[in-house]
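This report concerns only the one structure given below.
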Amino acid sequence: MTTRQHPDLAPPSGRTPQPATRATPPASPPRAPLGLITTALIVGGFAIGTTEFVTMGLLPQIATGLGVSIPTAGHTISVYAVGVVIGAPLVAVLGARLPRKGLALALMAIFVLGNIASSLATSYEALMLGRFLAGLPHGAFFGVSALIVAAVAPHHQRGRAVSRVMLGIPIANMIGVPAATWLGQEIGWRSAYWLVVALAVLTIALVAWWVPATPGNPTASGRRELAALRNPQLWLTLAVGAVGFGGMFAMYSYIAPTITEVTGLTESVIPVFLLIYGIGGAVGSLVGGWLADWSVLRGLVFALVGTGAVLALFTVTSQWALPALLTLFLVSVMASILVVVLQLRLMSVAGDAETIGAASNHAALNIANALGAWLGGLVIAAGWGYQAASWVGVVLSLGGLAFLGASLLLHRRGTGPVRSARMAS
């Protein structure tokens, strides 16, 4: 496959560009370097990652401010995830033919409105609506960002380019979430969402300035995007993410009580563990890009097996501070590798409906969030202890591997065609 050149930069085939007398508009200015394009999209991911996780750290303040209980305030986290799951396929169906730069700008504008609504909410119901609206563009923005960089990057660097776009969330976990949480604790929980609004507005400016006018698919249609849902390979790959990535969430959802009850450390140490987890996510995203450029399927196997192995290790190392910290770092690395290779696999198996394939990744990951946290909570409530949640994670990782095996078997039989042999084998 040859590298796709941006249409605004390619002269008409067989003709030399004419002087000022030509009827067509002047050529577009030179495209920004790939690094600047990626940076603009990373800032958007950073804003999304910050708003997704900061609510967890500000639940007591939100509950007090709205006059509801903490468990009730926690529903705002769930409704955000619902927005992600609904928004990803919906935007893919409605926006497949739209220019991708314009779509990215529109999604970030909706994201701004959702966070403004969240910061101005004076009731529980209003905050629920704001969080749902903020979640709608989440998965679609990452999917469109992946399509943009995949279109402008050299083919042999597509995996690394997509992996860099995914850095927004791990960087948010390292910097954005702690900063927004501190801000919300000091001057009110609404300020955290106003910070996200500022980051989103900055993203709009950077995307408008640096990202080239990447076209959509002119032959795409809502019917074609929905037709991808009949492709068993798409569903199997989504199951790999929803089940396999749920293994990490089964453990990580209960990392705070695990640190205090199993490792025996004080609550003041928890931010250190969260920082190390964020660093592991950044490392894993970069490693995932290299693995994807080598082989997407081998990268998937490596990530799923590796996640299961380090989760099993955590059931033992969680008793001691330094081994627990190092194992948590490895869990984050493996999980982030899985996110990157899943993104590329979905873009591949979706065929012509690449928009819905690219946007569905984060929908699957949010299902994984709910599934892993729920199953981990069941075994903890049954009295098996916090370490049992990691064993649930091992089982879910193996489940993801089983769905991947079914996908490979189907591929070998010649069904569920894959658009790019390099990305699929």
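Residues in the structure tokens are numbered from 1 in each chain, the chains being A, B, ... in the order shown, and ligands are numbered from 1 in the order shown.
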Please extract the residues of region 116-275 of chain A with a backbone DSSP assignment of helix (DSSP H, G or I) and present them as number ranges by chain. A: 116-120, 124-135, 138-152, 155-165, 168-187, 190-210, 222-230, 232-244, 246-252, 255-263, 267-275
Which polymer residues have any atom within 10 Å of an atom of Ala32 (chain A), counting only C-alpha atoms, with same-chain residues fewer than 5 positions away left out, as number ranges by chain? A: 37-38, 209-212
Write a file of the selected residues as an mmCIF file, in the first residue's frame, keeping N, CA, C and O atoms.
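Just written: out-v1.cif:
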```cif
data_model
loop_
_atom_site.group_PDB
_atom_site.id
_atom_site.type_symbol
_atom_site.label_atom_id
_atom_site.label_comp_id
_atom_site.auth_asym_id
_atom_site.auth_seq_id
_atom_site.Cartn_x
_atom_site.Cartn_y
_atom_site.Cartn_z
ATOM 1 N N ILE A 37 0.434 18.243 14.038
ATOM 2 C CA ILE A 37 -0.916 17.694 13.842
ATOM 3 C C ILE A 37 -1.271 16.782 15.011
ATOM 4 O O ILE A 37 -2.357 16.869 15.602
ATOM 5 N N THR A 38 -0.321 15.906 15.361
ATOM 6 C CA THR A 38 -0.556 14.975 16.456
ATOM 7 C C THR A 38 -0.722 15.714 17.782
ATOM 8 O O THR A 38 -1.578 15.361 18.603
ATOM 9 N N TRP A 209 -5.813 25.384 13.258
ATOM 10 C CA TRP A 209 -4.575 25.963 12.742
ATOM 11 C C TRP A 209 -3.646 24.928 12.121
ATOM 12 O O TRP A 209 -3.041 25.168 11.081
ATOM 13 N N TRP A 210 -3.535 23.755 12.741
ATOM 14 C CA TRP A 210 -2.502 22.790 12.353
ATOM 15 C C TRP A 210 -3.006 21.592 11.548
ATOM 16 O O TRP A 210 -2.271 21.049 10.730
ATOM 17 N N VAL A 211 -4.215 21.153 11.794
ATOM 18 C CA VAL A 211 -4.679 19.914 11.162
ATOM 19 C C VAL A 211 -5.118 20.205 9.732
ATOM 20 O O VAL A 211 -5.899 21.133 9.492
ATOM 21 N N PRO A 212 -4.636 19.437 8.757
ATOM 22 C CA PRO A 212 -5.024 19.667 7.364
ATOM 23 C C PRO A 212 -6.474 19.257 7.113
ATOM 24 O O PRO A 212 -7.068 18.508 7.881
#
```
With a distance cut-off of 6 Å and only C-alpha atoms, select the neighbouring residues of Arg160 (chain A), excluding the residue or stretch itself and same-chain residues fewer than 3 positions from it, and output the selection as a list of chain:residue names. A:Gln157, A:Ser163, A:Gly289, A:Trp290
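If you look at CA of Ser336 (chain A) and CA of Gly264 (chain A), they are 27.4 Å away from each other.
The smallest atom-to-atom distance between Ala109 (chain A) and any of A:Leu398, A:Val149, A:Leu202, A:Ile175, using only C-alpha atoms, is found for A:Leu202.
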Non-local contacts of region 282-285 of chain A (12 Å; only C-alpha atoms; under 5 positions in same chain excluded) as number ranges by chain: A: 42, 46, 159-175, 275-277, 290-292, 299, 303, 306-307, 329-343
Keeping only N, CA and C atoms, take the residues you just selected and write them out as a compact mmCIF listing (two decimals), in the first residue's frame.
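This went into out20.txt:
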```txt
# COMPACT_ATOMS: atom_id res chain seq x y z
N ILE A 42 -3.64 15.43 20.52
CA ILE A 42 -3.31 14.97 21.88
C ILE A 42 -3.92 15.90 22.91
N PHE A 46 -6.23 14.91 25.92
CA PHE A 46 -5.90 15.32 27.28
C PHE A 46 -7.12 15.93 27.97
N GLY A 159 1.03 3.00 12.79
CA GLY A 159 0.82 2.52 14.15
C GLY A 159 1.37 3.47 15.18
N ARG A 160 2.58 3.96 14.95
CA ARG A 160 3.19 4.90 15.89
C ARG A 160 2.43 6.23 15.92
N ALA A 161 1.94 6.67 14.76
CA ALA A 161 1.19 7.92 14.72
C ALA A 161 -0.12 7.81 15.51
N VAL A 162 -0.83 6.70 15.31
CA VAL A 162 -2.07 6.49 16.05
C VAL A 162 -1.80 6.36 17.54
N SER A 163 -0.71 5.69 17.91
CA SER A 163 -0.39 5.51 19.32
C SER A 163 -0.12 6.86 20.00
N ARG A 164 0.49 7.79 19.28
CA ARG A 164 0.76 9.11 19.87
C ARG A 164 -0.53 9.88 20.11
N VAL A 165 -1.52 9.71 19.24
CA VAL A 165 -2.81 10.36 19.46
C VAL A 165 -3.44 9.86 20.76
N MET A 166 -3.21 8.59 21.09
CA MET A 166 -3.80 8.01 22.29
C MET A 166 -3.10 8.45 23.58
N LEU A 167 -2.03 9.23 23.46
CA LEU A 167 -1.29 9.65 24.65
C LEU A 167 -2.08 10.63 25.51
N GLY A 168 -3.13 11.24 24.97
CA GLY A 168 -3.87 12.25 25.70
C GLY A 168 -4.39 11.76 27.04
N ILE A 169 -4.95 10.54 27.08
CA ILE A 169 -5.54 10.04 28.32
C ILE A 169 -4.47 9.70 29.36
N PRO A 170 -3.39 8.96 29.03
CA PRO A 170 -2.38 8.73 30.07
C PRO A 170 -1.72 10.01 30.57
N ILE A 171 -1.51 10.98 29.69
CA ILE A 171 -0.96 12.26 30.16
C ILE A 171 -1.95 12.96 31.07
N ALA A 172 -3.25 12.84 30.75
CA ALA A 172 -4.27 13.41 31.62
C ALA A 172 -4.25 12.76 33.00
N ASN A 173 -4.03 11.45 33.04
CA ASN A 173 -3.96 10.76 34.32
C ASN A 173 -2.76 11.20 35.13
N MET A 174 -1.68 11.58 34.46
CA MET A 174 -0.48 12.03 35.16
C MET A 174 -0.59 13.48 35.62
N ILE A 175 -1.17 14.34 34.79
CA ILE A 175 -1.13 15.78 35.05
C ILE A 175 -2.53 16.38 35.20
N LEU A 275 0.03 8.15 39.75
CA LEU A 275 1.02 8.78 38.86
C LEU A 275 1.80 7.71 38.10
N ILE A 276 2.24 6.68 38.80
CA ILE A 276 2.98 5.59 38.14
C ILE A 276 2.11 4.89 37.12
N TYR A 277 0.82 4.74 37.45
CA TYR A 277 -0.10 4.15 36.48
C TYR A 277 -0.18 5.01 35.22
N TRP A 290 4.77 0.83 18.16
CA TRP A 290 5.83 0.03 17.53
C TRP A 290 5.35 -1.39 17.24
N LEU A 291 4.61 -1.97 18.20
CA LEU A 291 4.09 -3.32 17.98
C LEU A 291 3.10 -3.35 16.83
N ALA A 292 2.26 -2.32 16.73
CA ALA A 292 1.26 -2.29 15.67
C ALA A 292 1.91 -2.19 14.30
N GLY A 299 0.51 -8.10 18.29
CA GLY A 299 0.42 -7.12 19.37
C GLY A 299 -0.77 -7.39 20.28
N ALA A 303 -0.48 -8.29 24.22
CA ALA A 303 -1.12 -7.43 25.22
C ALA A 303 -2.06 -8.23 26.12
N GLY A 306 0.01 -10.66 28.25
CA GLY A 306 0.77 -9.88 29.21
C GLY A 306 -0.11 -9.30 30.31
N THR A 307 -1.30 -8.81 29.95
CA THR A 307 -2.21 -8.27 30.96
C THR A 307 -2.62 -9.33 31.95
N PHE A 329 2.55 -0.60 37.33
CA PHE A 329 3.13 0.03 36.14
C PHE A 329 3.03 -0.89 34.94
N LEU A 330 3.35 -2.17 35.12
CA LEU A 330 3.29 -3.14 34.02
C LEU A 330 1.85 -3.38 33.56
N VAL A 331 0.92 -3.40 34.50
CA VAL A 331 -0.49 -3.55 34.12
C VAL A 331 -0.90 -2.40 33.20
N SER A 332 -0.50 -1.19 33.56
CA SER A 332 -0.85 -0.02 32.75
C SER A 332 -0.20 -0.08 31.37
N VAL A 333 1.05 -0.52 31.32
CA VAL A 333 1.74 -0.65 30.03
C VAL A 333 0.98 -1.61 29.11
N MET A 334 0.65 -2.78 29.64
CA MET A 334 -0.02 -3.80 28.83
C MET A 334 -1.41 -3.33 28.38
N ALA A 335 -2.14 -2.69 29.28
CA ALA A 335 -3.48 -2.22 28.94
C ALA A 335 -3.42 -1.16 27.85
N SER A 336 -2.43 -0.27 27.91
CA SER A 336 -2.33 0.78 26.90
C SER A 336 -1.89 0.23 25.55
N ILE A 337 -1.05 -0.78 25.55
CA ILE A 337 -0.71 -1.46 24.30
C ILE A 337 -1.98 -2.02 23.67
N LEU A 338 -2.83 -2.62 24.50
CA LEU A 338 -4.07 -3.21 24.00
C LEU A 338 -4.96 -2.15 23.35
N VAL A 339 -5.03 -0.95 23.94
CA VAL A 339 -5.86 0.11 23.38
C VAL A 339 -5.42 0.48 21.97
N VAL A 340 -4.10 0.61 21.77
CA VAL A 340 -3.56 1.03 20.47
C VAL A 340 -3.81 -0.02 19.40
N VAL A 341 -3.47 -1.27 19.70
CA VAL A 341 -3.61 -2.30 18.67
C VAL A 341 -5.08 -2.60 18.39
N LEU A 342 -5.93 -2.45 19.40
CA LEU A 342 -7.37 -2.60 19.16
C LEU A 342 -7.87 -1.52 18.21
N GLN A 343 -7.39 -0.30 18.40
CA GLN A 343 -7.81 0.79 17.53
C GLN A 343 -7.51 0.48 16.06
```
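Among the candidate residues A:Leu396, A:Ile356, A:Val54, A:Ala106, the one lying nearest to Ile77 (chain A) is A:Val54, with distances computed using only C-alpha atoms.
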Contact residues around region 61-66 of chain A with only C-alpha atoms at 7 Å, ignoring same-chain residues under 5 positions, as a PDB file with C-alpha atoms, in the first residue's frame:
```
ATOM      1  CA  ALA A  73     -23.394  11.509  42.542  1.00  0.00           C
ATOM      2  CA  THR A 122     -27.509  23.629  39.732  1.00  0.00           C
ATOM      3  CA  SER A 123     -29.277  20.295  40.127  1.00  0.00           C
ATOM      4  CA  TYR A 124     -28.445  16.622  39.948  1.00  0.00           C
ATOM      5  CA  TRP A 189     -15.841  21.365  41.866  1.00  0.00           C
TER       6      TRP A 189
END
```
